[in-house]
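Engineer: Dropping in start-v9.cif, with mmCIF, C-alpha atoms and all ligand atoms.
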```
data_my_file
#
loop_
_atom_site.label_atom_id
_atom_site.label_comp_id
_atom_site.auth_asym_id
_atom_site.auth_seq_id
_atom_site.Cartn_x
_atom_site.Cartn_y
_atom_site.Cartn_z
CA MET B 1 65.93 -20.21 -29.33
CA PRO B 2 67.41 -20.97 -25.89
CA THR B 3 70.98 -22.26 -25.83
CA PRO B 4 73.08 -23.74 -22.97
CA THR B 5 74.37 -20.25 -22.18
CA SER B 6 70.84 -18.80 -21.82
CA PRO B 7 69.85 -17.99 -18.22
CA ILE B 8 67.47 -19.83 -15.92
CA GLY B 9 64.52 -17.57 -15.09
CA VAL B 10 63.19 -17.62 -11.54
CA PHE B 11 60.19 -15.72 -10.25
CA ASP B 12 58.55 -15.26 -6.88
CA SER B 13 55.98 -12.97 -5.32
CA GLY B 14 58.84 -11.09 -3.66
CA ILE B 15 62.01 -11.86 -1.79
CA GLY B 16 61.36 -15.42 -0.57
CA GLY B 17 62.32 -16.97 -3.89
CA LEU B 18 65.92 -16.10 -3.11
CA THR B 19 65.94 -19.29 -0.99
CA VAL B 20 65.51 -21.13 -4.31
CA VAL B 21 68.23 -19.05 -6.00
CA ARG B 22 70.51 -19.89 -3.09
CA GLU B 23 70.07 -23.60 -3.77
CA LEU B 24 70.39 -23.12 -7.55
CA LEU B 25 73.73 -21.40 -6.96
CA LYS B 26 74.92 -24.44 -4.97
CA VAL B 27 73.60 -27.12 -7.32
CA LEU B 28 74.21 -25.29 -10.63
CA PRO B 29 77.05 -22.85 -9.90
CA ASN B 30 77.80 -22.15 -13.57
CA GLU B 31 74.29 -21.25 -14.65
CA PRO B 32 73.33 -17.63 -15.40
CA ILE B 33 70.15 -16.61 -13.57
CA VAL B 34 67.51 -13.91 -14.04
CA TYR B 35 65.37 -13.41 -10.92
CA LEU B 36 62.12 -11.49 -10.75
CA GLY B 37 60.53 -10.63 -7.39
CA ASP B 38 57.06 -9.15 -7.75
CA THR B 39 57.55 -6.95 -4.69
CA ALA B 40 54.91 -4.42 -5.76
CA ARG B 41 52.17 -7.04 -5.53
CA VAL B 42 53.43 -9.30 -2.71
CA PRO B 43 51.95 -11.18 -0.88
CA TYR B 44 50.36 -13.72 -3.21
CA GLY B 45 49.50 -16.03 -0.31
CA ASN B 46 46.16 -14.40 0.50
CA LYS B 47 45.08 -13.62 -3.09
CA SER B 48 42.66 -15.42 -5.39
CA ARG B 49 43.54 -17.95 -8.07
CA ASP B 50 42.65 -15.56 -10.93
CA THR B 51 44.83 -12.80 -9.57
CA VAL B 52 47.82 -15.09 -8.98
CA VAL B 53 47.43 -16.61 -12.48
CA LYS B 54 47.39 -13.11 -14.02
CA PHE B 55 50.47 -11.94 -12.08
CA SER B 56 52.32 -15.20 -12.80
CA THR B 57 51.60 -14.92 -16.54
CA GLU B 58 53.05 -11.41 -16.58
CA ASN B 59 56.11 -12.64 -14.68
CA VAL B 60 56.65 -15.47 -17.18
CA LEU B 61 56.36 -13.06 -20.13
CA PHE B 62 58.96 -10.81 -18.52
CA LEU B 63 61.38 -13.72 -18.07
CA LEU B 64 60.82 -14.98 -21.62
CA HIS B 65 61.71 -11.49 -22.80
CA HIS B 66 65.12 -12.14 -21.21
CA GLY B 67 65.63 -15.29 -23.30
CA VAL B 68 65.50 -17.79 -20.42
CA LYS B 69 65.86 -21.50 -21.19
CA LEU B 70 63.93 -22.77 -18.17
CA ILE B 71 61.51 -21.08 -15.78
CA VAL B 72 61.48 -21.99 -12.11
CA ILE B 73 58.47 -20.80 -10.12
CA ALA B 74 60.05 -20.36 -6.70
CA CYS B 75 56.76 -19.31 -5.10
CA HIS B 76 54.57 -22.10 -3.70
CA THR B 77 51.42 -20.02 -4.04
CA ALA B 78 52.12 -19.29 -7.72
CA SER B 79 53.07 -22.94 -8.30
CA SER B 80 49.82 -24.06 -6.65
CA PHE B 81 47.50 -21.72 -8.52
CA ALA B 82 49.22 -20.99 -11.82
CA LEU B 83 51.48 -23.87 -12.91
CA PRO B 84 48.80 -25.89 -14.78
CA PHE B 85 47.66 -22.75 -16.63
CA LEU B 86 51.22 -21.70 -17.49
CA GLU B 87 52.09 -25.19 -18.73
CA ARG B 88 49.09 -25.09 -21.06
CA HIS B 89 49.87 -21.63 -22.41
CA PHE B 90 53.65 -21.63 -22.81
CA LYS B 91 55.84 -24.12 -24.67
CA HIS B 92 58.83 -23.35 -22.46
CA PRO B 93 59.76 -25.82 -19.72
CA ILE B 94 58.41 -24.56 -16.39
CA LEU B 95 59.18 -26.11 -13.01
CA GLY B 96 57.09 -25.50 -9.91
CA VAL B 97 58.09 -26.26 -6.33
CA ILE B 98 55.18 -28.55 -5.43
CA GLU B 99 56.04 -31.75 -7.32
CA PRO B 100 59.73 -31.99 -6.30
CA GLY B 101 58.81 -31.68 -2.60
CA VAL B 102 56.03 -34.27 -2.90
CA GLU B 103 58.24 -36.79 -4.72
CA THR B 104 60.86 -36.48 -1.99
CA ALA B 105 58.30 -36.79 0.80
CA VAL B 106 56.82 -39.95 -0.71
CA ALA B 107 60.29 -41.42 -1.15
CA ILE B 108 61.43 -40.84 2.43
CA SER B 109 58.32 -41.10 4.61
CA ARG B 110 58.26 -44.48 6.37
CA SER B 111 54.82 -44.16 7.92
CA GLY B 112 53.07 -42.39 5.01
CA ARG B 113 51.90 -39.72 7.46
CA ILE B 114 53.05 -36.46 5.91
CA GLY B 115 52.51 -32.82 6.90
CA VAL B 116 52.38 -29.84 4.56
CA ILE B 117 52.59 -26.24 5.72
CA GLY B 118 52.10 -23.18 3.48
CA THR B 119 50.16 -19.99 2.86
CA TYR B 120 46.34 -19.88 2.94
CA ALA B 121 46.32 -19.94 -0.87
CA THR B 122 48.67 -22.90 -1.21
CA ILE B 123 46.80 -25.00 1.35
CA GLY B 124 43.36 -23.92 0.07
CA SER B 125 44.27 -24.74 -3.54
CA LYS B 126 44.76 -28.44 -2.63
CA ALA B 127 47.67 -28.47 -5.10
CA TYR B 128 49.71 -30.57 -2.68
CA LEU B 129 46.88 -33.05 -2.22
CA HIS B 130 46.52 -33.41 -6.00
CA ALA B 131 50.27 -33.89 -6.38
CA PHE B 132 50.23 -36.64 -3.73
CA ALA B 133 47.31 -38.33 -5.50
CA ARG B 134 49.39 -38.43 -8.70
CA GLN B 135 52.09 -40.39 -6.86
CA HIS B 136 49.79 -43.39 -6.38
CA ARG B 137 51.08 -44.18 -2.93
CA LYS B 138 48.87 -44.48 0.07
CA VAL B 139 49.67 -41.48 2.26
CA ARG B 140 47.81 -39.52 4.90
CA VAL B 141 48.44 -35.82 4.41
CA THR B 142 47.75 -33.21 7.08
CA GLN B 143 47.83 -29.64 5.73
CA ILE B 144 48.12 -26.47 7.83
CA PRO B 145 48.24 -22.83 6.74
CA CYS B 146 50.88 -20.89 8.72
CA PRO B 147 50.34 -17.28 7.57
CA LEU B 148 52.31 -15.64 10.39
CA PHE B 149 55.52 -17.40 9.41
CA VAL B 150 56.11 -15.07 6.43
CA PRO B 151 56.09 -11.78 8.37
CA LEU B 152 58.04 -13.39 11.21
CA VAL B 153 60.84 -14.34 8.82
CA GLU B 154 60.82 -10.93 7.17
CA GLU B 155 61.10 -9.31 10.61
CA GLY B 156 64.09 -11.51 11.39
CA CYS B 157 62.26 -13.53 14.09
CA VAL B 158 63.43 -17.00 13.16
CA ASN B 159 65.10 -18.60 16.18
CA ASP B 160 63.59 -16.60 19.01
CA SER B 161 60.83 -17.27 21.52
CA LEU B 162 58.21 -15.49 19.41
CA ALA B 163 58.84 -17.80 16.43
CA HIS B 164 58.84 -20.77 18.80
CA GLN B 165 55.48 -19.81 20.32
CA VAL B 166 53.87 -19.39 16.90
CA ALA B 167 55.35 -22.66 15.65
CA LEU B 168 54.10 -24.50 18.76
CA ARG B 169 50.58 -23.26 18.09
CA TYR B 170 50.55 -23.89 14.32
CA LEU B 171 52.25 -27.28 14.34
CA LYS B 172 50.09 -28.90 17.01
CA PRO B 173 47.86 -30.72 14.47
CA LEU B 174 50.93 -32.14 12.73
CA LYS B 175 52.23 -33.51 16.02
CA ALA B 176 48.79 -34.92 16.81
CA ALA B 177 48.73 -36.62 13.39
CA ARG B 178 52.16 -38.14 14.20
CA VAL B 179 53.63 -37.17 10.84
CA ASP B 180 57.20 -38.31 10.17
CA THR B 181 57.82 -35.88 7.31
CA VAL B 182 56.91 -32.21 6.83
CA ILE B 183 57.10 -30.29 3.56
CA LEU B 184 58.09 -26.66 4.05
CA GLY B 185 55.60 -25.43 1.46
CA CYS B 186 56.51 -21.76 1.31
CA THR B 187 59.59 -19.85 0.19
CA HIS B 188 60.18 -18.39 3.65
CA TYR B 189 59.93 -21.52 5.76
CA PRO B 190 63.46 -22.90 5.17
CA LEU B 191 64.63 -19.97 7.31
CA LEU B 192 62.49 -21.30 10.19
CA LYS B 193 63.87 -24.81 9.84
CA GLN B 194 65.62 -24.84 13.23
CA THR B 195 62.53 -23.64 15.10
CA ILE B 196 60.21 -26.04 13.25
CA ALA B 197 62.65 -28.91 13.88
CA ARG B 198 62.75 -28.06 17.59
CA VAL B 199 58.95 -28.20 17.79
CA MET B 200 58.51 -31.33 15.66
CA GLY B 201 61.36 -33.25 17.25
CA PRO B 202 64.35 -35.16 15.87
CA LYS B 203 62.37 -38.03 14.33
CA VAL B 204 60.57 -35.79 11.84
CA THR B 205 62.26 -35.01 8.51
CA LEU B 206 61.75 -31.51 7.10
CA ILE B 207 61.74 -31.20 3.32
CA ASP B 208 63.17 -28.04 1.88
CA SER B 209 61.53 -27.74 -1.54
CA ALA B 210 64.07 -25.11 -2.60
CA ARG B 211 66.78 -27.78 -2.59
CA GLN B 212 64.56 -30.30 -4.39
CA VAL B 213 63.58 -27.94 -7.20
CA ALA B 214 67.24 -27.01 -7.77
CA LEU B 215 68.11 -30.70 -8.11
CA LYS B 216 65.20 -31.17 -10.51
CA ALA B 217 66.33 -28.16 -12.58
CA ARG B 218 69.73 -29.83 -13.01
CA VAL B 219 68.09 -33.02 -14.32
CA VAL B 220 65.74 -31.13 -16.68
CA LEU B 221 68.55 -29.02 -18.18
CA LYS B 222 70.68 -32.12 -18.77
CA GLU B 223 67.77 -33.91 -20.44
CA MET B 224 67.16 -30.92 -22.73
CA GLY B 225 70.87 -30.61 -23.57
CA LEU B 226 70.75 -27.05 -22.23
CA SER B 227 73.05 -27.35 -19.24
CA SER B 228 75.94 -24.90 -19.05
CA ASP B 229 77.21 -26.69 -15.97
CA GLN B 230 80.38 -27.88 -17.67
CA GLY B 231 81.85 -24.48 -16.80
CA THR B 232 82.56 -21.81 -19.34
CA GLY B 233 85.35 -20.16 -17.38
CA ALA B 234 83.43 -16.89 -17.38
CA ASN B 235 81.48 -15.58 -14.38
CA PRO B 236 77.85 -16.48 -15.04
CA SER B 237 75.62 -13.42 -14.81
CA ARG B 238 72.99 -13.07 -12.07
CA ARG B 239 70.44 -10.36 -12.64
CA PHE B 240 67.82 -9.35 -10.10
CA PHE B 241 64.63 -7.45 -10.89
CA VAL B 242 61.85 -6.27 -8.61
CA THR B 243 58.57 -4.53 -9.36
CA ASP B 244 58.80 -2.04 -6.49
CA GLU B 245 61.54 0.20 -5.20
CA PRO B 246 64.56 -2.15 -4.54
CA ARG B 247 65.74 -0.79 -1.16
CA HIS B 248 63.70 -3.15 1.05
CA PHE B 249 64.59 -6.14 -1.13
CA GLU B 250 68.29 -5.29 -0.95
CA ALA B 251 68.16 -4.88 2.81
CA LEU B 252 66.58 -8.30 3.40
CA SER B 253 68.22 -10.27 0.62
CA ARG B 254 71.35 -11.34 2.51
CA ARG B 255 69.19 -13.29 4.93
CA PHE B 256 67.49 -15.22 2.12
CA LEU B 257 70.36 -15.52 -0.33
CA GLY B 258 73.27 -15.76 2.08
CA ARG B 259 75.00 -12.88 0.25
CA GLN B 260 74.27 -9.52 -1.37
CA PRO B 261 72.54 -9.94 -4.73
CA GLY B 262 74.49 -7.17 -6.49
CA ASP B 263 72.54 -4.82 -8.74
CA VAL B 264 68.76 -4.91 -8.31
CA SER B 265 66.65 -3.07 -10.90
CA LYS B 266 63.05 -1.96 -10.73
CA VAL B 267 60.84 -3.02 -13.64
CA ASP B 268 57.21 -2.85 -14.64
CA VAL B 269 55.98 -6.29 -15.68
CA SER B 270 52.32 -5.42 -16.15
CA ASN B 271 53.05 -4.70 -19.85
CA ALA B 272 55.62 -7.46 -20.27
CA GLY B 273 55.76 -9.15 -23.66
N1 LIG H 1 56.30 -16.72 -1.90
C1 LIG H 1 55.09 -17.09 -1.20
C2 LIG H 1 54.95 -18.63 -1.19
O1 LIG H 1 55.92 -19.35 -1.32
C3 LIG H 1 55.06 -16.54 0.21
C4 LIG H 1 54.88 -15.04 0.27
C5 LIG H 1 53.55 -14.57 -0.34
O2 LIG H 1 52.49 -14.82 0.27
O3 LIG H 1 53.59 -14.02 -1.42
O4 LIG H 1 53.86 -19.11 -1.07
#
```
Produce structure tokens that represent the structure in this file.

Structural biologist:
Amino acid sequence: MPTPTSPIGVFDSGIGGLTVVRELLKVLPNEPIVYLGDTARVPYGNKSRDTVVKFSTENVLFLLHHGVKLIVIACHTASSFALPFLERHFKHPILGVIEPGVETAVAISRSGRIGVIGTYATIGSKAYLHAFARQHRKVRVTQIPCPLFVPLVEEGCVNDSLAHQVALRYLKPLKAARVDTVILGCTHYPLLKQTIARVMGPKVTLIDSARQVALKARVVLKEMGLSSDQGTGANPSRRFFVTDEPRHFEALSRRFLGRQPGDVSKVDVSNAG
């Protein structure tokens, strides 16, 4: 049975989910965290629903094995394709990144014209459109896949002319639709915030779902009476696991997490549980 001192489990297709961990560390500094990056099978963003559901199920089983009290799906593609399935099959509380971003967008958009950017899978799944429909507010959503953003971020091209050129090309339909709010619907996009903001202009609000899901996690833990945020005095543990050799993850993690993650261990999750 999970207790307040049990860790929060976070999984992603790879390294991008560290942007969510970064926000969790700010919002819930006393919570222990177990992170799993499925680096052997990344990217998820161009894979089918069945494949992403299978991988996500294995990731959840791995995290449950570590006694987590709450699971946060940091990956937008996994949230889009697998969250409904995972909610049906596991009793544990599971948070995805789609709903928190949508709730925030609906709350702050004045015009109701909202943009969503993400991977091919996230956009193709229509998960964002379904989440907006559940909000019962009249909005006009323009969705755009931006597949080149992920490799750009991983190559460190975030504020340069190359990133700017790609953003100009991708974001044209959002400018044409005169959106006033854009959801950054992919783990990597918060790192491109400055470039996207420069292209969209100062009147457009960018929603960082990583921040929103961390805030939601705080509410959910409080409601369940499982928050360890009162401070235990001890250093909460942060454990990082990847499914491929950790060197690449370690090299890039500072950019996503803002610091070195410490020990990163390789695991095989295909037989988890
Ligand atoms: N983590 C993925 C997402 O947020 C991006 C990387 C991938 O395609 O796996 O959609």

Engineer: What do you get as an mmCIF file with C-alpha atoms, in the coordinates of the input if you pick all residues at most 9 Å from ligand LIG 1 (chain H), counting all atoms listed in the file?

Structural biologist:
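Okay, this is what ended up in part00.cif:
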```cif
data_model
loop_
_atom_site.group_PDB
_atom_site.id
_atom_site.type_symbol
_atom_site.label_atom_id
_atom_site.label_comp_id
_atom_site.auth_asym_id
_atom_site.auth_seq_id
_atom_site.Cartn_x
_atom_site.Cartn_y
_atom_site.Cartn_z
ATOM 1 C CA ASP B 12 58.550 -15.260 -6.880
ATOM 2 C CA SER B 13 55.980 -12.970 -5.320
ATOM 3 C CA GLY B 14 58.840 -11.090 -3.660
ATOM 4 C CA ILE B 15 62.010 -11.860 -1.790
ATOM 5 C CA GLY B 16 61.360 -15.420 -0.570
ATOM 6 C CA GLY B 17 62.320 -16.970 -3.890
ATOM 7 C CA ASP B 38 57.060 -9.150 -7.750
ATOM 8 C CA THR B 39 57.550 -6.950 -4.690
ATOM 9 C CA ARG B 41 52.170 -7.040 -5.530
ATOM 10 C CA VAL B 42 53.430 -9.300 -2.710
ATOM 11 C CA PRO B 43 51.950 -11.180 -0.880
ATOM 12 C CA TYR B 44 50.360 -13.720 -3.210
ATOM 13 C CA GLY B 45 49.500 -16.030 -0.310
ATOM 14 C CA ASN B 46 46.160 -14.400 0.500
ATOM 15 C CA LYS B 47 45.080 -13.620 -3.090
ATOM 16 C CA ALA B 74 60.050 -20.360 -6.700
ATOM 17 C CA CYS B 75 56.760 -19.310 -5.100
ATOM 18 C CA HIS B 76 54.570 -22.100 -3.700
ATOM 19 C CA THR B 77 51.420 -20.020 -4.040
ATOM 20 C CA ALA B 78 52.120 -19.290 -7.720
ATOM 21 C CA SER B 79 53.070 -22.940 -8.300
ATOM 22 C CA SER B 80 49.820 -24.060 -6.650
ATOM 23 C CA VAL B 97 58.090 -26.260 -6.330
ATOM 24 C CA GLY B 118 52.100 -23.180 3.480
ATOM 25 C CA THR B 119 50.160 -19.990 2.860
ATOM 26 C CA TYR B 120 46.340 -19.880 2.940
ATOM 27 C CA ALA B 121 46.320 -19.940 -0.870
ATOM 28 C CA THR B 122 48.670 -22.900 -1.210
ATOM 29 C CA PRO B 147 50.340 -17.280 7.570
ATOM 30 C CA VAL B 150 56.110 -15.070 6.430
ATOM 31 C CA PRO B 151 56.090 -11.780 8.370
ATOM 32 C CA GLY B 185 55.600 -25.430 1.460
ATOM 33 C CA CYS B 186 56.510 -21.760 1.310
ATOM 34 C CA THR B 187 59.590 -19.850 0.190
ATOM 35 C CA HIS B 188 60.180 -18.390 3.650
ATOM 36 C CA TYR B 189 59.930 -21.520 5.760
#
```

Engineer: Which distance in Å separates CA of Pro84 (chain B) and CA of Gly112 (chain B), to one decimal?

Structural biologist: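 These atoms are spaced 26.1 Å apart.
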
Engineer: For Phe132 (chain B), which of B:Thr104, B:Thr51, B:Thr3, B:Ser56 is the closest residue, counting all atoms listed in the file?

Structural biologist: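 Checking each of B:Thr104, B:Thr51, B:Thr3, B:Ser56 against Phe132 (chain B), counting all atoms listed in the file, the winner is B:Thr104.
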
Engineer: I'd like the neighbourhood of region 259-261 of chain B as a list in words, where a residue qualifies if any of its atoms comes within 9 Å (using only C-alpha atoms), though same-chain residues fewer than 3 positions away should be ignored.

Structural biologist: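 Those residues are Arg22, Arg238, Arg239, Phe240, Glu250, Ala251, Ser253, Arg254, Arg255, Phe256 and Val264 of chain B.
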
Engineer: What separation in Å, quoted to one decimal, exists between CA of Val213 (chain B) and CA of Ala167 (chain B)?

Structural biologist: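 Spanning CA of Val213 (chain B) to CA of Ala167 (chain B) is a straight-line distance of 24.9 Å.
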
Engineer: So that I can check the surroundings of Pro2 (chain B), please list as an NGL selection string every protein, DNA and RNA residue that reaches within 7 Å of it, counting all atoms listed in the file and ignoring chain neighbours fewer than 3 positions away.

Structural biologist: :B and (6 or 67-69)

Engineer: Taking C-alpha atoms for each residue, export the selection above as a CSV table (one decimal), in the coordinates of the input.

Structural biologist:
```csv
chain,number,residue,atom,x,y,z
B,6,SER,CA,70.8,-18.8,-21.8
B,67,GLY,CA,65.6,-15.3,-23.3
B,68,VAL,CA,65.5,-17.8,-20.4
B,69,LYS,CA,65.9,-21.5,-21.2
```

Engineer: Just how far from CA of Thr181 (chain B) is CA of Thr205 (chain B), in Å to one decimal?

Structural biologist: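 Atom-to-atom, CA of Thr205 (chain B) and CA of Thr181 (chain B) are spaced 4.7 Å apart.
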
Engineer: Got a sec to check which residues sit within 9 Å of (77.4, -22.8, -11.8), counting only C-alpha atoms, and write them as a list of chain:residue names?

Structural biologist: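 Residues with an atom at most 9 Å from (77.4, -22.8, -11.8): B:Leu24, B:Leu25, B:Lys26, B:Val27, B:Leu28, B:Pro29, B:Asn30, B:Glu31, B:Pro32, B:Ser228, B:Asp229, B:Gln230, B:Gly231, B:Asn235, B:Pro236.
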
Engineer: Could you complete region 84-97 of chain B so that it carries N, CA and C atoms, and give it back as a PDB file, in the frame of the given file?

Structural biologist:
```
ATOM      1  N   PRO B  84      49.531 -25.191 -13.700  1.00  0.00           N
ATOM      2  CA  PRO B  84      48.800 -25.890 -14.780  1.00  0.00           C
ATOM      3  C   PRO B  84      48.437 -24.952 -15.927  1.00  0.00           C
ATOM      4  N   PHE B  85      48.005 -23.735 -15.600  1.00  0.00           N
ATOM      5  CA  PHE B  85      47.660 -22.750 -16.630  1.00  0.00           C
ATOM      6  C   PHE B  85      48.892 -22.387 -17.463  1.00  0.00           C
ATOM      7  N   LEU B  86      50.002 -22.120 -16.787  1.00  0.00           N
ATOM      8  CA  LEU B  86      51.220 -21.700 -17.490  1.00  0.00           C
ATOM      9  C   LEU B  86      51.733 -22.819 -18.392  1.00  0.00           C
ATOM     10  N   GLU B  87      51.632 -24.058 -17.915  1.00  0.00           N
ATOM     11  CA  GLU B  87      52.090 -25.190 -18.730  1.00  0.00           C
ATOM     12  C   GLU B  87      51.257 -25.323 -20.007  1.00  0.00           C
ATOM     13  N   ARG B  88      49.968 -25.004 -19.879  1.00  0.00           N
ATOM     14  CA  ARG B  88      49.090 -25.090 -21.060  1.00  0.00           C
ATOM     15  C   ARG B  88      49.370 -23.964 -22.058  1.00  0.00           C
ATOM     16  N   HIS B  89      49.777 -22.804 -21.551  1.00  0.00           N
ATOM     17  CA  HIS B  89      49.870 -21.630 -22.410  1.00  0.00           C
ATOM     18  C   HIS B  89      51.268 -21.306 -22.921  1.00  0.00           C
ATOM     19  N   PHE B  90      52.280 -21.907 -22.343  1.00  0.00           N
ATOM     20  CA  PHE B  90      53.650 -21.630 -22.810  1.00  0.00           C
ATOM     21  C   PHE B  90      54.329 -22.942 -23.186  1.00  0.00           C
ATOM     22  N   LYS B  91      55.139 -22.893 -24.234  1.00  0.00           N
ATOM     23  CA  LYS B  91      55.840 -24.120 -24.670  1.00  0.00           C
ATOM     24  C   LYS B  91      57.118 -24.326 -23.850  1.00  0.00           C
ATOM     25  N   HIS B  92      57.585 -23.269 -23.229  1.00  0.00           N
ATOM     26  CA  HIS B  92      58.830 -23.350 -22.460  1.00  0.00           C
ATOM     27  C   HIS B  92      58.716 -24.317 -21.284  1.00  0.00           C
ATOM     28  N   PRO B  93      59.815 -24.997 -20.932  1.00  0.00           N
ATOM     29  CA  PRO B  93      59.760 -25.820 -19.720  1.00  0.00           C
ATOM     30  C   PRO B  93      59.608 -24.945 -18.471  1.00  0.00           C
ATOM     31  N   ILE B  94      58.664 -25.314 -17.618  1.00  0.00           N
ATOM     32  CA  ILE B  94      58.410 -24.560 -16.390  1.00  0.00           C
ATOM     33  C   ILE B  94      58.381 -25.539 -15.225  1.00  0.00           C
ATOM     34  N   LEU B  95      59.163 -25.253 -14.200  1.00  0.00           N
ATOM     35  CA  LEU B  95      59.180 -26.110 -13.010  1.00  0.00           C
ATOM     36  C   LEU B  95      58.529 -25.387 -11.845  1.00  0.00           C
ATOM     37  N   GLY B  96      57.639 -26.062 -11.140  1.00  0.00           N
ATOM     38  CA  GLY B  96      57.090 -25.500  -9.910  1.00  0.00           C
ATOM     39  C   GLY B  96      57.740 -26.186  -8.714  1.00  0.00           C
ATOM     40  N   VAL B  97      57.442 -25.704  -7.530  1.00  0.00           N
ATOM     41  CA  VAL B  97      58.090 -26.260  -6.330  1.00  0.00           C
ATOM     42  C   VAL B  97      57.270 -27.368  -5.658  1.00  0.00           C
TER      43      VAL B  97
END
```
